[in-house]
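*Asks:* Contents of upload-v3.txt (compact mmCIF, C-alpha atoms) are given next:
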```txt
# COMPACT_ATOMS: atom_id res chain seq x y z
CA MET A 1 103.67 109.64 84.90
CA ALA A 2 105.89 108.82 87.89
CA GLY A 3 108.02 105.68 87.72
CA SER A 4 107.49 102.88 90.20
CA ALA A 5 110.27 103.93 92.59
CA GLU A 6 109.16 107.56 92.56
CA LEU A 7 105.53 106.55 93.02
CA GLY A 8 106.52 104.49 96.05
CA GLN A 9 108.17 107.57 97.58
CA ILE A 10 105.07 109.64 96.84
CA ALA A 11 102.90 106.96 98.48
CA ALA A 12 105.11 106.96 101.58
CA LYS A 13 104.75 110.72 101.98
CA ALA A 14 101.00 110.62 101.35
CA ALA A 15 100.57 107.88 103.96
CA ASP A 16 102.68 109.73 106.52
CA ASP A 17 100.63 112.89 105.97
CA LEU A 18 97.34 111.00 106.35
CA ILE A 19 98.46 109.27 109.55
CA ASP A 20 99.76 112.53 111.03
CA ARG A 21 96.35 114.11 110.48
CA PHE A 22 94.28 111.03 111.33
CA PRO A 23 96.02 108.58 113.71
CA ALA A 24 92.91 106.37 113.47
CA PHE A 25 94.36 104.92 110.27
CA VAL A 26 96.54 102.99 112.70
CA SER A 27 94.48 102.90 115.88
CA ALA A 28 90.81 102.69 114.83
CA THR A 29 88.79 99.96 116.54
CA GLY A 30 85.85 100.08 114.15
CA PRO A 31 84.92 100.93 110.55
CA ASP A 32 84.79 104.56 109.52
CA ARG A 33 83.30 105.45 106.12
CA GLU A 34 84.38 109.08 106.37
CA LEU A 35 87.95 108.06 107.16
CA VAL A 36 88.06 105.74 104.15
CA GLY A 37 86.83 108.61 102.00
CA VAL A 38 89.60 110.84 103.34
CA ALA A 39 92.16 108.17 102.45
CA LEU A 40 90.86 107.76 98.91
CA SER A 41 90.79 111.52 98.32
CA GLY A 42 94.34 111.89 99.63
CA MET A 43 95.59 109.01 97.53
CA ALA A 44 93.94 110.47 94.45
CA ARG A 45 95.49 113.90 95.01
CA ALA A 46 98.90 112.25 95.38
CA GLY A 47 98.44 110.45 92.04
CA LEU A 48 98.45 106.93 93.50
CA PHE A 49 95.58 105.92 91.21
CA ASP A 50 97.51 107.00 88.12
CA LEU A 51 97.48 103.47 86.69
CA GLY A 52 96.90 102.76 83.03
CA TYR A 53 94.09 100.27 83.53
CA LEU A 54 92.07 102.79 85.55
CA ARG A 55 91.51 104.77 82.34
CA PHE A 56 88.23 103.88 80.67
CA ASP A 57 89.89 102.98 77.35
CA ALA A 58 92.04 100.19 78.87
CA ASP A 59 91.10 96.51 78.86
CA ARG A 60 94.17 94.78 80.28
CA ILE A 61 96.48 94.92 83.29
CA SER A 62 100.07 95.47 82.23
CA ALA A 63 103.08 94.29 84.20
CA GLU A 64 104.26 97.90 84.35
CA ASP A 65 100.97 98.94 85.95
CA MET A 66 101.37 96.18 88.53
CA LYS A 67 104.98 97.18 89.19
CA ARG A 68 103.80 100.69 90.01
CA ALA A 69 100.93 99.37 92.15
CA VAL A 70 103.35 97.07 94.02
CA SER A 71 105.53 100.08 94.90
CA VAL A 72 102.52 101.87 96.34
CA VAL A 73 101.35 98.84 98.31
CA ALA A 74 104.78 98.22 99.81
CA ALA A 75 105.05 101.85 100.95
CA LEU A 76 101.56 101.83 102.48
CA ALA A 77 102.09 98.49 104.21
CA ALA A 78 105.10 99.87 106.05
CA ARG A 79 102.80 102.45 107.63
CA SER A 80 99.21 101.24 107.95
CA LEU A 81 97.40 98.04 107.01
CA SER A 82 94.13 99.98 106.82
CA LEU A 83 95.57 102.31 104.19
CA THR A 84 96.96 99.28 102.38
CA THR A 85 93.63 97.45 102.13
CA ILE A 86 91.80 100.64 101.15
CA TYR A 87 94.17 101.01 98.21
CA MET A 88 94.26 97.33 97.30
CA VAL A 89 90.49 96.84 97.26
CA ASN A 90 89.73 99.98 95.26
CA ALA A 91 92.69 100.45 92.93
CA ILE A 92 93.67 96.84 92.31
CA PHE A 93 90.94 94.31 93.03
CA GLY A 94 87.90 96.39 92.13
CA GLY A 95 89.59 98.50 89.48
CA ALA A 96 91.18 95.53 87.75
CA PHE A 97 87.89 93.65 87.40
CA VAL A 98 86.10 96.69 86.02
CA ALA A 99 88.95 97.35 83.59
CA GLN A 100 88.93 93.78 82.27
CA MET A 101 85.21 93.01 82.21
CA ALA A 102 83.01 96.10 82.21
CA THR A 103 81.13 97.57 79.27
CA SER A 104 82.34 100.89 77.88
CA GLN A 105 79.59 102.72 79.74
CA GLN A 106 80.33 100.94 83.02
CA LYS A 107 83.99 101.90 82.68
CA ARG A 108 83.05 105.53 82.07
CA ASP A 109 80.80 105.46 85.14
CA VAL A 110 83.21 103.72 87.52
CA LEU A 111 86.88 104.13 86.56
CA PRO A 112 87.09 107.96 86.64
CA ALA A 113 85.41 107.89 90.05
CA ILE A 114 88.06 105.45 91.32
CA ARG A 115 90.89 107.58 89.93
CA GLU A 116 89.44 110.68 91.57
CA GLY A 117 88.99 108.95 94.93
CA ARG A 118 85.24 109.55 95.11
CA LEU A 119 83.95 105.98 94.92
CA GLN A 120 84.29 103.26 97.54
CA LEU A 121 84.27 99.65 96.41
CA ALA A 122 84.33 96.29 98.11
CA PHE A 123 84.83 92.88 96.61
CA ALA A 124 82.89 89.76 97.62
CA MET A 125 84.34 86.64 96.07
CA THR A 126 85.45 83.14 96.88
CA GLU A 127 89.02 82.37 95.86
CA PRO A 128 88.59 80.55 92.50
CA ASP A 129 91.40 78.10 93.13
CA ALA A 130 90.73 77.45 96.80
CA GLY A 131 89.14 74.10 96.03
CA SER A 132 88.77 71.72 93.15
CA ASP A 133 85.90 73.63 91.56
CA ALA A 134 83.65 76.64 91.95
CA SER A 135 81.13 74.96 94.22
CA ALA A 136 82.29 77.09 97.16
CA ILE A 137 80.83 80.18 95.48
CA ALA A 138 77.64 80.22 97.49
CA THR A 139 75.96 83.28 96.00
CA GLN A 140 73.40 82.38 93.35
CA ALA A 141 72.15 84.60 90.53
CA VAL A 142 68.68 83.87 89.13
CA ALA A 143 67.68 85.60 85.90
CA THR A 144 64.29 87.32 85.86
CA GLY A 145 62.42 89.24 83.21
CA GLN A 146 63.75 92.52 84.60
CA GLY A 147 67.25 91.49 85.62
CA PHE A 148 68.56 89.21 88.36
CA LEU A 149 67.91 88.07 91.91
CA LEU A 150 70.98 87.45 94.08
CA SER A 151 70.96 85.39 97.26
CA GLY A 152 73.85 84.12 99.35
CA GLU A 153 76.46 84.99 101.92
CA LYS A 154 80.11 86.00 101.88
CA ILE A 155 82.30 86.42 104.92
CA PHE A 156 85.44 88.59 105.13
CA THR A 157 84.32 91.14 102.51
CA THR A 158 86.76 93.97 103.23
CA GLY A 159 85.31 97.46 102.96
CA ALA A 160 81.68 96.37 102.57
CA SER A 161 80.44 98.47 105.48
CA SER A 162 81.39 101.70 103.68
CA ALA A 163 81.22 100.70 100.01
CA ASP A 164 79.10 102.47 97.42
CA TYR A 165 79.23 99.30 95.34
CA ILE A 166 80.22 95.74 96.15
CA LEU A 167 81.52 93.55 93.35
CA VAL A 168 79.83 90.22 93.95
CA VAL A 169 80.77 86.93 92.31
CA ALA A 170 77.72 84.72 91.81
CA ARG A 171 77.15 81.35 90.23
CA ASN A 172 74.37 81.30 87.69
CA SER A 173 71.53 79.14 88.94
CA GLY A 174 71.28 75.85 87.08
CA ASP A 175 74.50 76.32 85.10
CA GLU A 176 77.77 74.41 85.37
CA LYS A 177 79.97 75.20 88.35
CA ARG A 178 82.34 77.58 86.61
CA ALA A 179 79.61 79.65 84.99
CA VAL A 180 80.04 82.61 87.31
CA SER A 181 79.23 86.27 86.82
CA LEU A 182 80.15 89.56 88.47
CA PHE A 183 77.59 92.08 89.66
CA LEU A 184 77.83 95.68 90.86
CA VAL A 185 75.63 95.57 93.95
CA PRO A 186 74.82 98.91 95.64
CA GLY A 187 75.92 98.80 99.25
CA ASP A 188 72.52 100.07 100.37
CA ALA A 189 70.46 97.76 98.12
CA GLU A 190 67.33 96.26 99.66
CA GLY A 191 68.04 92.74 100.86
CA VAL A 192 71.72 93.38 101.61
CA SER A 193 72.83 93.12 105.24
CA ILE A 194 76.39 93.84 106.35
CA GLU A 195 78.02 93.06 109.70
CA PRO A 196 81.53 94.41 110.39
CA LEU A 197 83.82 91.86 112.05
CA ALA A 198 86.43 92.95 114.58
CA ARG A 199 90.01 92.08 113.61
CA VAL A 200 93.23 92.22 115.61
CA SER A 201 94.32 95.21 113.50
CA ALA A 202 93.33 97.53 110.63
CA ASN A 203 89.70 98.00 111.66
CA ALA A 204 89.16 101.38 109.99
CA HIS A 205 88.56 99.41 106.77
CA ALA A 206 86.64 96.51 108.19
CA SER A 207 86.14 93.02 106.85
CA CYS A 208 82.46 92.12 106.98
CA ARG A 209 79.95 89.32 106.83
CA MET A 210 77.66 90.10 103.91
CA ALA A 211 74.28 88.42 103.35
CA MET A 212 71.96 88.87 100.38
CA ARG A 213 68.31 87.84 100.33
CA ASP A 214 66.62 88.18 96.93
CA VAL A 215 68.52 91.32 96.01
CA ARG A 216 67.01 92.72 92.82
CA LEU A 217 69.47 93.99 90.23
CA GLY A 218 68.88 95.49 86.82
CA PRO A 219 70.67 94.32 83.66
CA LYS A 220 73.07 97.28 83.86
CA GLN A 221 74.46 95.91 87.12
CA LEU A 222 75.81 92.80 85.42
CA LEU A 223 79.48 93.63 84.91
CA GLY A 224 80.26 93.39 81.22
CA GLY A 225 76.64 93.12 80.16
CA PRO A 226 74.93 90.07 78.62
CA GLU A 227 78.08 89.03 76.73
CA ARG A 228 79.84 88.40 80.08
CA LEU A 229 77.04 86.44 81.73
CA GLY A 230 78.59 83.29 83.19
CA LYS A 231 82.06 84.14 81.84
CA ALA A 232 83.89 85.70 84.80
CA TRP A 233 85.93 82.61 85.72
CA PRO A 234 88.99 83.29 83.49
CA ILE A 235 89.18 86.88 84.74
CA MET A 236 88.95 85.63 88.33
CA ARG A 237 91.98 83.43 87.73
CA VAL A 238 94.01 86.33 86.34
CA SER A 239 92.92 88.61 89.17
CA GLY A 240 93.79 85.90 91.69
CA SER A 241 97.40 86.13 90.50
CA LEU A 242 97.33 89.93 90.82
CA GLU A 243 96.05 89.60 94.37
CA ARG A 244 98.84 87.21 95.34
CA ILE A 245 101.48 89.55 93.93
CA VAL A 246 100.20 92.56 95.89
CA VAL A 247 99.84 90.52 99.07
CA ALA A 248 103.48 89.51 98.64
CA ALA A 249 104.30 93.22 98.25
CA THR A 250 102.35 93.96 101.43
CA ALA A 251 104.50 91.43 103.27
CA ALA A 252 107.70 92.89 101.84
CA GLY A 253 106.74 96.45 102.74
CA LEU A 254 105.94 95.52 106.32
CA ALA A 255 109.11 93.43 106.58
CA ASP A 256 111.18 96.46 105.62
CA ALA A 257 109.52 98.59 108.32
CA ILE A 258 110.19 95.87 110.91
CA ILE A 259 113.87 95.70 110.00
CA VAL A 260 114.28 99.49 110.05
CA ARG A 261 112.67 99.69 113.51
CA ALA A 262 114.66 96.76 114.92
CA LEU A 263 117.94 98.15 113.60
CA SER A 264 117.19 101.61 114.96
CA PHE A 265 116.39 100.19 118.40
CA ALA A 266 119.50 97.99 118.42
CA LYS A 267 121.68 101.03 117.69
CA GLU A 268 120.05 103.20 120.34
CA ARG A 269 119.60 100.71 123.19
CA ARG A 270 122.62 100.12 125.44
CA GLN A 271 123.34 97.13 127.67
CA PHE A 272 126.51 96.40 129.64
CA GLY A 273 127.99 99.68 128.47
CA GLN A 274 127.56 99.09 124.75
CA SER A 275 124.87 99.26 122.10
CA LEU A 276 122.84 96.13 121.39
CA VAL A 277 123.94 96.18 117.78
CA SER A 278 127.52 95.48 118.88
CA PHE A 279 126.50 91.99 120.05
CA GLN A 280 127.20 89.42 117.36
CA SER A 281 124.07 87.38 118.06
CA LEU A 282 121.86 90.42 117.34
CA GLN A 283 123.93 91.28 114.28
CA HIS A 284 123.20 87.81 112.96
CA LEU A 285 119.46 88.23 113.55
CA LEU A 286 119.46 91.52 111.66
CA VAL A 287 121.48 90.01 108.81
CA GLU A 288 119.03 87.10 108.58
CA MET A 289 116.10 89.52 108.48
CA ARG A 290 117.55 91.71 105.74
CA THR A 291 118.67 88.72 103.66
CA ALA A 292 115.17 87.27 103.85
CA HIS A 293 113.72 90.63 102.84
CA VAL A 294 115.93 90.85 99.77
CA GLY A 295 114.79 87.36 98.80
CA MET A 296 111.15 88.49 99.10
CA GLY A 297 111.86 91.26 96.61
CA LEU A 298 113.36 88.79 94.15
CA PHE A 299 110.28 86.58 94.30
CA ILE A 300 108.06 89.60 93.60
CA GLU A 301 110.26 90.71 90.69
CA HIS A 302 110.05 87.19 89.25
CA ALA A 303 106.25 87.22 89.55
CA LEU A 304 106.05 90.58 87.75
CA ARG A 305 108.34 89.29 85.01
CA MET A 306 106.15 86.22 84.52
CA LEU A 307 103.07 88.45 84.47
CA ALA A 308 104.65 90.34 81.58
CA GLU A 309 105.18 87.02 79.80
CA GLY A 310 101.55 86.00 80.35
CA GLU A 311 102.20 83.12 82.76
CA PRO A 312 101.96 84.56 86.28
CA GLU A 313 100.11 81.80 88.13
CA GLN A 314 102.97 79.71 89.52
CA ALA A 315 105.26 82.68 90.20
CA ALA A 316 102.49 84.65 91.92
CA SER A 317 101.67 81.74 94.22
CA MET A 318 105.36 81.22 95.01
CA ALA A 319 105.82 84.92 95.78
CA LYS A 320 102.78 85.05 98.03
CA TYR A 321 103.65 81.85 99.88
CA HIS A 322 107.33 82.71 100.34
CA CYS A 323 106.84 86.35 101.35
CA ALA A 324 104.03 85.64 103.81
CA GLU A 325 106.03 82.92 105.56
CA GLN A 326 109.23 84.96 105.64
CA LEU A 327 107.40 87.90 107.16
CA GLN A 328 106.37 85.80 110.15
CA GLU A 329 110.02 84.89 110.76
CA ILE A 330 111.13 88.50 110.39
CA VAL A 331 108.57 89.93 112.81
CA ALA A 332 109.34 87.21 115.37
CA LYS A 333 113.02 88.18 115.23
CA GLY A 334 112.10 91.85 115.49
CA MET A 335 110.16 91.09 118.66
CA ARG A 336 113.14 89.22 120.11
CA ILE A 337 115.54 92.07 119.36
CA MET A 338 113.31 94.57 121.14
CA GLY A 339 112.59 92.31 124.09
CA GLY A 340 109.77 93.17 126.49
CA ARG A 341 109.26 96.62 124.96
CA ALA A 342 107.81 95.02 121.83
CA PHE A 343 104.94 93.58 123.89
CA PHE A 344 103.45 97.00 124.66
CA SER A 345 100.97 98.76 122.43
CA PHE A 346 102.87 102.07 122.40
CA GLU A 347 105.69 100.38 120.50
CA GLN A 348 105.45 100.11 116.69
CA MET A 349 106.69 96.53 116.75
CA SER A 350 103.54 95.39 118.54
CA ARG A 351 101.47 96.77 115.64
CA TYR A 352 103.70 95.04 113.14
CA TYR A 353 103.22 91.79 115.05
CA CYS A 354 99.43 92.16 114.79
CA GLU A 355 99.46 93.13 111.11
CA ALA A 356 101.90 90.46 109.89
CA PRO A 357 99.41 87.52 109.88
CA PHE A 358 97.25 89.32 107.29
CA SER A 359 99.57 88.15 104.54
CA LEU A 360 99.18 84.53 105.62
CA TYR A 361 95.49 84.49 104.71
CA ALA A 362 94.84 87.20 102.12
CA GLY A 363 94.99 85.74 98.63
CA GLY A 364 94.73 82.18 99.92
CA THR A 365 96.62 80.35 102.65
CA ALA A 366 100.09 78.86 102.28
CA GLU A 367 98.50 75.46 101.86
CA ILE A 368 96.37 76.69 98.96
CA GLN A 369 99.46 78.20 97.32
CA LYS A 370 101.29 74.88 97.66
CA ASN A 371 98.34 73.11 96.02
CA LEU A 372 98.42 75.58 93.13
CA ILE A 373 102.17 75.28 92.70
CA ALA A 374 101.91 71.50 92.74
CA ARG A 375 99.20 71.66 90.10
CA SER A 376 101.41 73.89 87.92
CA MET A 377 104.18 71.30 88.28
CA GLY A 378 101.84 68.57 87.08
CA ILE A 379 101.80 66.75 90.41
CA GLY A 380 98.66 68.13 92.04
```
Translate this file's structure into structure tokens.
*Replies:*
Amino acid sequence: MAGSAELGQIAAKAADDLIDRFPAFVSATGPDRELVGVALSGMARAGLFDLGYLRFDADRISAEDMKRAVSVVAALAARSLSLTTIYMVNAIFGGAFVAQMATSQQKRDVLPAIREGRLQLAFAMTEPDAGSDASAIATQAVATGQGFLLSGEKIFTTGASSADYILVVARNSGDEKRAVSLFLVPGDAEGVSIEPLARVSANAHASCRMAMRDVRLGPKQLLGGPERLGKAWPIMRVSGSLERIVVAATAAGLADAIIVRALSFAKERRQFGQSLVSFQSLQHLLVEMRTAHVGMGLFIEHALRMLAEGEPEQAASMAKYHCAEQLQEIVAKGMRIMGGRAFFSFEQMSRYYCEAPFSLYAGGTAEIQKNLIARSMGIG
């Protein structure tokens, strides 16, 4: 099994190969199920799904697994946000929930298919800590004699337009607010409607508005079986921390690409008979960018260390909040270094500028992270 650093290098090469063959991973303006399938197959062949919890005999997410996943995410984020979200949704969000909650048979049915890159997942949830309770989880599950009926709506469900299965969080009708369950909903199930939503970037793996109207599900589609009915909330909290850590890694990976491009341009571009990098003011900008990037890495390392100790919540929120905010400063400085060239779509920096805001919102906004950190400090 490759170590985290080696796996990051493998992920970088796999992403470069995919983009060389299919530039739409960067430039697509709409969802493409076939393209997502190509990405998953390529990632599987490269061994990017070689994570311990994606084996059907695992029931926990180790810090070492997350360290390896973080390396992959950072490498992908430097190259394509579409490739990043394809990996995150399938290998981390979807795979982690199945690993922690599913029955043995569900694991045997789903996890090998994820590892082999032949199953597309999406994840429809409301951030469990976004508010004071679970009342924002609009989807309702009603038990019937034959299974369940699901009704509700979820916006910004990434990958839903191409998914074989969508993991849906639903509140059990009539139960207390935190009695939520997870269901494996077929993407083509009767009563499911999906509308892709255009984003400023990364549209090959679209975020979607998903509506469900009396979607009939059998008992086998309740993740974890009857024993897990109404008991998904603790797993959602753990997975929320995992999401924040990988979003922080996404920000760090993109920040590195921005710095590399800005430095390369500053060395190559000449003004007044000398390279831009010889001007002290630009040197200072580049130093500020790299220093901030190193700090991002330290926050992520701290979050992984706290995950290993079983207390990741505060550290994950701090990492996500800090890295997302620092990325916005770094990309703004990258734009300034490149001047007017950065404003044109043929320049990589313009793509970085469009992709950077993703980290502000994925995993919960900065304001939500501050609320969570305050709560962990006993003041929220």
*Asks:* Measure the distance from CA of Ile92 in chain A to CA of Lys231 in chain A in Å and round it to one decimal.
*Replies:*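 For CA of Ile92 in chain A relative to CA of Lys231 in chain A, the distance reads 20.1 Å.
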*Asks:* Would you compute the distance between CA of Ala366 in chain A and CA of Lys154 in chain A? Give it in Å to one decimal.
*Replies:*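 Taking CA of Ala366 in chain A as the start and CA of Lys154 in chain A as the end point, the length is 21.2 Å.
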*Asks:* Using all atoms listed in the file, give me every residue within 10 Å of (70.3, 80.5, 97.4) in file coordinates, as number ranges by chain.
*Replies:* A: 138-142, 149-153, 171, 173, 212-214
*Asks:* Keeping C-alpha atoms, export the residues of the selection given above as a PDB file, in the frame of the given file.
*Replies:*
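Contents of the output file result_36.pdb:
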```pdb
ATOM      1  CA  ALA A 138      77.640  80.220  97.490  1.00  0.00           C
ATOM      2  CA  THR A 139      75.960  83.280  96.000  1.00  0.00           C
ATOM      3  CA  GLN A 140      73.400  82.380  93.350  1.00  0.00           C
ATOM      4  CA  ALA A 141      72.150  84.600  90.530  1.00  0.00           C
ATOM      5  CA  VAL A 142      68.680  83.870  89.130  1.00  0.00           C
ATOM      6  CA  LEU A 149      67.910  88.070  91.910  1.00  0.00           C
ATOM      7  CA  LEU A 150      70.980  87.450  94.080  1.00  0.00           C
ATOM      8  CA  SER A 151      70.960  85.390  97.260  1.00  0.00           C
ATOM      9  CA  GLY A 152      73.850  84.120  99.350  1.00  0.00           C
ATOM     10  CA  GLU A 153      76.460  84.990 101.920  1.00  0.00           C
ATOM     11  CA  ARG A 171      77.150  81.350  90.230  1.00  0.00           C
ATOM     12  CA  SER A 173      71.530  79.140  88.940  1.00  0.00           C
ATOM     13  CA  MET A 212      71.960  88.870 100.380  1.00  0.00           C
ATOM     14  CA  ARG A 213      68.310  87.840 100.330  1.00  0.00           C
ATOM     15  CA  ASP A 214      66.620  88.180  96.930  1.00  0.00           C
TER      16      ASP A 214
END
```
*Asks:* Need the shell around Leu223 in chain A: protein/DNA/RNA residues with any atom at most 12 Å away, counting all atoms listed in the file. Skip same-chain ones fewer than 2 positions apart. Format as number ranges by chain?
*Replies:* A: 94, 97-107, 109-110, 165-170, 180-185, 217-221, 225-232, 235
*Asks:* Which residues are near Phe25 in chain A? Cut-off 8 Å, all atoms listed in the file, ignore same chain within fewer than 6 positions. Put them as a list in words.
*Replies:*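 Contacts, with the query itself left out: Leu18, Ile19, Leu35, Ser80, Ser82, Leu83, Ala202 and Ala204 of chain A.
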*Asks:* Rounded to one decimal in Å, what is the spacing between CA of Asp16 in chain A and CA of Arg261 in chain A?
*Replies:*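 We find that CA of Asp16 in chain A and CA of Arg261 in chain A lie 15.8 Å from each other.
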*Asks:* Restricting the calculation to only C-alpha atoms: of A:Ile300, A:Leu307, A:Ala198, A:Ala356, which residue gets closest to Ala28 in chain A?
*Replies:*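 Checking each of A:Ile300, A:Leu307, A:Ala198, A:Ala356 against Ala28 in chain A, counting only C-alpha atoms, the winner is A:Ala198.
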*Asks:* I need the residue nearest Cys208 in chain A from this list: A:Ser359, A:Ser317, A:Thr157, A:Ser4. Use all atoms listed in the file for the distance.
*Replies:* A:Thr157
*Asks:* Please identify all polymer residues lying at most 10 Å from the point (100.1, 103.2, 104.8) (file coordinates), using all atoms listed in the file, and present the result as JSON, numbers by chain.
*Replies:* {"A": [11, 12, 13, 14, 15, 16, 17, 18, 19, 25, 26, 39, 72, 73, 74, 75, 76, 77, 78, 79, 80, 81, 82, 83, 84, 85, 86, 87, 253, 254]}
*Asks:* So that I can check the surroundings of Val247 in chain A, please list as a ChimeraX atom specification every protein, DNA and RNA residue that reaches within 10 Å of it, counting all atoms listed in the file and ignoring chain neighbours fewer than 4 positions away.
*Replies:* /A:70,73-74,77,84-85,88,241-243,251-253,300,316,319-321,323-324,358-364
*Asks:* Near Ala308 in chain A, counting all atoms listed in the file, which residues have an atom at most 10 Å away, once you skip same-chain residues fewer than 5 positions from it, shown as a ChimeraX atom specification?
*Replies:* /A:61-64,66,302-303
*Asks:* Pull C-alpha atoms from the residues just selected and write them as a PDB file, keeping the file's coordinate frame.
*Replies:*
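This is the output file again_32.pdb:
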```pdb
ATOM      1  CA  ILE A  61      96.480  94.920  83.290  1.00  0.00           C
ATOM      2  CA  SER A  62     100.070  95.470  82.230  1.00  0.00           C
ATOM      3  CA  ALA A  63     103.080  94.290  84.200  1.00  0.00           C
ATOM      4  CA  GLU A  64     104.260  97.900  84.350  1.00  0.00           C
ATOM      5  CA  MET A  66     101.370  96.180  88.530  1.00  0.00           C
ATOM      6  CA  HIS A 302     110.050  87.190  89.250  1.00  0.00           C
ATOM      7  CA  ALA A 303     106.250  87.220  89.550  1.00  0.00           C
TER       8      ALA A 303
END
```
*Asks:* Using only C-alpha atoms, which of the listed residues (A:Phe123, A:Phe93, A:Tyr352, A:Phe344) sits closest to Val260 in chain A?
*Replies:*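 Distance minimum relative to Val260 in chain A lands on A:Tyr352.
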*Asks:* For a quick check of understanding, using only C-alpha atoms, which of A:Ile245, A:Ser27, A:Gly240, A:Ser281 has the smallest distance to Met306 in chain A?
*Replies:*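 Once distances to Met306 in chain A are computed over only C-alpha atoms, the minimum belongs to A:Ile245.
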*Asks:* Taking all listed atoms of range 70-75 of chain A, build the axis-aligned box, pad each of the six sides by 4 Å, then write its centre and edge lengths in Å to one decimal as AutoDock Vina command-line options.
*Replies:*
```
--center_x 103.4 --center_y 99.5 --center_z 97.5 --size_x 12.2 --size_y 12.8 --size_z 14.9
```
*Asks:* Considering all atoms listed in the file, return as a list in words whatever protein or nucleic-acid residues lie within 9 Å of Leu372 in chain A, sequence-local ones (same chain, fewer than 4 positions apart) excluded.
*Replies:* Asp129, Ala130, Glu313, Gln314, Ser317, Glu367, Ile368, Ser376, Met377 and Gly380 of chain A
